[in-house]
Amino acid sequence: MAASILPAPGSKLGPCTSKCQHTDCAMTRKMAAEKCCACGELIGYECPYYSEHDGRMVHASCLQDSLLNSYYYTFGSDLAFPHCGGWVEVRASSWEEAHTKFRAHFPDRPGHEGILNCAFFYDQDNWNKTIMAKGSTEERCHEIII
Ligand SMILES: [Zn+2]
Ligand SMILES: [Zn+2]
């Protein structure tokens, strides 16, 4: 996946600096005004970014930051969990960010707001000590959330 860059207004390939009717210019302006899904700032011009397949956009530098650490969320045999057994891996720069990403995927259960919809969660160090990390169980990773 290659990063893209929006050319600055008034530069050779960039949009016009003043209001205009060009479709291309309108498109570039619209994209520059999108928010980065990692830091929440505008994507802006002259800044490498990636577009995700679902249409979200993220700065290339933010994406690298957010892939720094792996966090693991396991599911027990309770059928109310989004998965039965196994775990999902979340890539993030902090626990706070990891929980936010997990919740975006698996919202708290109604009546259990404030409680993550999983059995346990581990950071990389603690995960490495589990039998699941050693691949010695039937449990498996369902997905990686980035
Ligand atoms: Zn124009
Ligand atoms: Zn960003």
# chains A, B, ... in the order shown; residues from 1 in each chain; ligands from 1
$ residues_around --residues "Gly40 in chain A" --least-positions-apart "6" --cutoff "12 Å" --atoms "only C-alpha atoms" --output "count of residues only"
7
$ residues_near_ligand --ligand "ligand 1" --cutoff "7 Å" --atoms "only C-alpha atoms and all ligand atoms" --output "list in words"
Pro15, Cys16, Cys20, Gln21, His22 and Cys25 of chain A
$ write_last_selection --atoms "N, CA and C atoms" --output "CSV table (one decimal), in the first residue's frame"
chain,number,residue,atom,x,y,z
A,15,PRO,N,-4.9,22.1,-6.3
A,15,PRO,CA,-6.2,22.8,-6.6
A,15,PRO,C,-5.9,24.3,-6.7
A,16,CYS,N,-6.8,25.0,-7.4
A,16,CYS,CA,-6.7,26.5,-7.5
A,16,CYS,C,-6.8,27.1,-6.1
A,20,CYS,N,-13.3,27.8,-7.3
A,20,CYS,CA,-13.4,27.5,-8.7
A,20,CYS,C,-14.5,26.4,-8.9
A,21,GLN,N,-14.8,26.0,-10.1
A,21,GLN,CA,-15.8,25.0,-10.4
A,21,GLN,C,-15.2,23.7,-10.8
A,22,HIS,N,-13.8,23.6,-10.8
A,22,HIS,CA,-13.2,22.3,-11.2
A,22,HIS,C,-13.6,21.1,-10.4
A,25,CYS,N,-10.4,19.9,-8.4
A,25,CYS,CA,-10.1,20.8,-7.3
A,25,CYS,C,-11.0,20.5,-6.1
$ closest_atom_pairs --of "chain A" --to "ligand 2" --cutoff "8 Å" --atoms "only C-alpha atoms and all ligand atoms" --output "CSV"
residue,atom,partner,partner_atom_place_in_ligand_line,distance
A:Lys35,CA,ligand 2,1 (Zn),7.7
A:Cys36,CA,ligand 2,1 (Zn),4.6
A:Cys37,CA,ligand 2,1 (Zn),6.7
A:Ala38,CA,ligand 2,1 (Zn),5.1
A:Cys39,CA,ligand 2,1 (Zn),4.1
A:Gly40,CA,ligand 2,1 (Zn),6.1
A:Glu41,CA,ligand 2,1 (Zn),5.7
A:Leu42,CA,ligand 2,1 (Zn),7.4
A:Ile43,CA,ligand 2,1 (Zn),6.9
A:Val58,CA,ligand 2,1 (Zn),5.5
A:His59,CA,ligand 2,1 (Zn),4.4
A:Ala60,CA,ligand 2,1 (Zn),7.5
A:Ser61,CA,ligand 2,1 (Zn),7.0
A:Cys62,CA,ligand 2,1 (Zn),4.7
A:Leu63,CA,ligand 2,1 (Zn),7.5
$ write_last_selection --atoms "N, CA and C atoms" --output "PDB file, in the first residue's frame"
ATOM      1  N   LYS A  35     -10.885  13.949   8.107  1.00  0.00           N
ATOM      2  CA  LYS A  35     -10.124  13.791   9.348  1.00  0.00           C
ATOM      3  C   LYS A  35      -9.365  12.470   9.359  1.00  0.00           C
ATOM      4  N   CYS A  36      -8.166  12.534   9.893  1.00  0.00           N
ATOM      5  CA  CYS A  36      -7.346  11.339  10.089  1.00  0.00           C
ATOM      6  C   CYS A  36      -8.034  10.472  11.149  1.00  0.00           C
ATOM      7  N   CYS A  37      -8.203   9.187  10.880  1.00  0.00           N
ATOM      8  CA  CYS A  37      -8.934   8.356  11.846  1.00  0.00           C
ATOM      9  C   CYS A  37      -8.067   7.971  13.037  1.00  0.00           C
ATOM     10  N   ALA A  38      -6.782   8.324  13.008  1.00  0.00           N
ATOM     11  CA  ALA A  38      -5.934   8.042  14.175  1.00  0.00           C
ATOM     12  C   ALA A  38      -5.830   9.261  15.086  1.00  0.00           C
ATOM     13  N   CYS A  39      -5.440  10.428  14.528  1.00  0.00           N
ATOM     14  CA  CYS A  39      -5.197  11.595  15.387  1.00  0.00           C
ATOM     15  C   CYS A  39      -6.354  12.588  15.371  1.00  0.00           C
ATOM     16  N   GLY A  40      -7.279  12.467  14.426  1.00  0.00           N
ATOM     17  CA  GLY A  40      -8.431  13.365  14.382  1.00  0.00           C
ATOM     18  C   GLY A  40      -8.156  14.711  13.733  1.00  0.00           C
ATOM     19  N   GLU A  41      -6.893  14.970  13.347  1.00  0.00           N
ATOM     20  CA  GLU A  41      -6.555  16.222  12.662  1.00  0.00           C
ATOM     21  C   GLU A  41      -6.934  16.074  11.182  1.00  0.00           C
ATOM     22  N   LEU A  42      -6.975  17.222  10.472  1.00  0.00           N
ATOM     23  CA  LEU A  42      -7.275  17.166   9.041  1.00  0.00           C
ATOM     24  C   LEU A  42      -6.137  16.464   8.301  1.00  0.00           C
ATOM     25  N   ILE A  43      -6.483  15.788   7.242  1.00  0.00           N
ATOM     26  CA  ILE A  43      -5.472  15.129   6.416  1.00  0.00           C
ATOM     27  C   ILE A  43      -4.535  16.178   5.822  1.00  0.00           C
ATOM     28  N   VAL A  58      -6.022   8.078   6.915  1.00  0.00           N
ATOM     29  CA  VAL A  58      -5.113   8.155   8.067  1.00  0.00           C
ATOM     30  C   VAL A  58      -3.755   8.670   7.584  1.00  0.00           C
ATOM     31  N   HIS A  59      -3.129   9.555   8.357  1.00  0.00           N
ATOM     32  CA  HIS A  59      -1.779  10.028   8.023  1.00  0.00           C
ATOM     33  C   HIS A  59      -0.823   8.835   8.052  1.00  0.00           C
ATOM     34  N   ALA A  60       0.123   8.796   7.142  1.00  0.00           N
ATOM     35  CA  ALA A  60       1.095   7.698   7.115  1.00  0.00           C
ATOM     36  C   ALA A  60       1.846   7.630   8.443  1.00  0.00           C
ATOM     37  N   SER A  61       2.214   8.793   9.008  1.00  0.00           N
ATOM     38  CA  SER A  61       2.978   8.787  10.262  1.00  0.00           C
ATOM     39  C   SER A  61       2.124   8.267  11.419  1.00  0.00           C
ATOM     40  N   CYS A  62       0.829   8.599  11.411  1.00  0.00           N
ATOM     41  CA  CYS A  62      -0.062   8.118  12.475  1.00  0.00           C
ATOM     42  C   CYS A  62      -0.232   6.613  12.377  1.00  0.00           C
ATOM     43  N   LEU A  63      -0.327   6.122  11.156  1.00  0.00           N
ATOM     44  CA  LEU A  63      -0.526   4.692  10.976  1.00  0.00           C
ATOM     45  C   LEU A  63       0.675   3.934  11.525  1.00  0.00           C
TER      46      LEU A  63
END
$ select_by_dssp --residues "range 61-125 of chain A" --states "alpha helix (DSSP H)" --output "list in words"
Ser61, Cys62, Leu63, Gln64, Asp65, Ser66, Trp95, Glu96, Glu97, Ala98, His99, Thr100, Lys101, Phe102, Arg103, Ala104, His105, Gln124 and Asp125 of chain A
$ write_last_selection --atoms "C-alpha atoms" --output "CSV table (one decimal), in the first residue's frame"
chain,number,residue,atom,x,y,z
A,61,SER,CA,3.0,8.8,10.3
A,62,CYS,CA,-0.1,8.1,12.5
A,63,LEU,CA,-0.5,4.7,11.0
A,64,GLN,CA,3.1,3.8,11.8
A,65,ASP,CA,2.6,5.0,15.4
A,66,SER,CA,-0.6,3.1,15.8
A,95,TRP,CA,-4.1,0.9,25.9
A,96,GLU,CA,-6.4,3.8,25.6
A,97,GLU,CA,-6.2,3.7,21.8
A,98,ALA,CA,-6.5,-0.1,21.8
A,99,HIS,CA,-9.7,-0.1,23.9
A,100,THR,CA,-11.2,2.6,21.6
A,101,LYS,CA,-10.5,0.5,18.5
A,102,PHE,CA,-11.8,-2.6,20.2
A,103,ARG,CA,-15.0,-0.8,21.2
A,104,ALA,CA,-15.5,0.6,17.6
A,105,HIS,CA,-15.5,-3.0,16.5
A,124,GLN,CA,2.4,-8.2,24.5
A,125,ASP,CA,4.5,-9.1,27.5
$ atom_distance --atom1 "CA of Ile144 in chain A" --atom2 "CA of Asn126 in chain A"
17.9 Å
$ atom_distance --atom1 "CA of Gly111 in chain A" --atom2 "CA of Ala92 in chain A"
27.1 Å
$ residues_around --residues "Thr74 in chain A" --least-positions-apart "6" --cutoff "6 Å" --atoms "only C-alpha atoms" --output "list in words"
Gly86, Trp87, Cys118, Ala119 and Phe120 of chain A
$ write_last_selection --atoms "C-alpha atoms" --output "PDB file, in the first residue's frame"
ATOM      1  CA  GLY A  86     -10.090 -17.347  20.606  1.00  0.00           C
ATOM      2  CA  TRP A  87      -8.952 -13.753  20.526  1.00  0.00           C
ATOM      3  CA  CYS A 118     -14.416  -9.648  26.011  1.00  0.00           C
ATOM      4  CA  ALA A 119     -13.174 -12.023  28.699  1.00  0.00           C
ATOM      5  CA  PHE A 120      -9.602 -10.761  29.256  1.00  0.00           C
TER       6      PHE A 120
END
$ closest_atom_pairs --of "range 23-100 of chain A" --to "range 127-141 of chain A" --cutoff "10 Å" --atoms "only C-alpha atoms" --output "Markdown table"
| residue | atom | partner | partner_atom | distance |
| --- | --- | --- | --- | --- |
| A:Ser70 | CA | A:Trp127 | CA | 9.4 |
| A:Tyr71 | CA | A:Trp127 | CA | 8.2 |
| A:Tyr72 | CA | A:Trp127 | CA | 7.1 |
| A:Tyr73 | CA | A:Cys141 | CA | 9.5 |
| A:Thr74 | CA | A:Cys141 | CA | 8.9 |
| A:Phe75 | CA | A:Glu139 | CA | 9.7 |
| A:Cys84 | CA | A:Glu139 | CA | 9.5 |
| A:Gly85 | CA | A:Glu139 | CA | 6.3 |
| A:Gly86 | CA | A:Glu139 | CA | 4.5 |
| A:Trp87 | CA | A:Cys141 | CA | 4.9 |
| A:Val88 | CA | A:Cys141 | CA | 5.4 |
| A:Glu89 | CA | A:Cys141 | CA | 7.1 |
$ atom_distance --atom1 "CA of His112 in chain A" --atom2 "CA of Asp54 in chain A"
28.4 Å
$ closest_residue --among "A:Ser94, A:Leu13, A:Phe121, A:Pro82" --to "Phe106 in chain A" --atoms "only C-alpha atoms"
A:Pro82
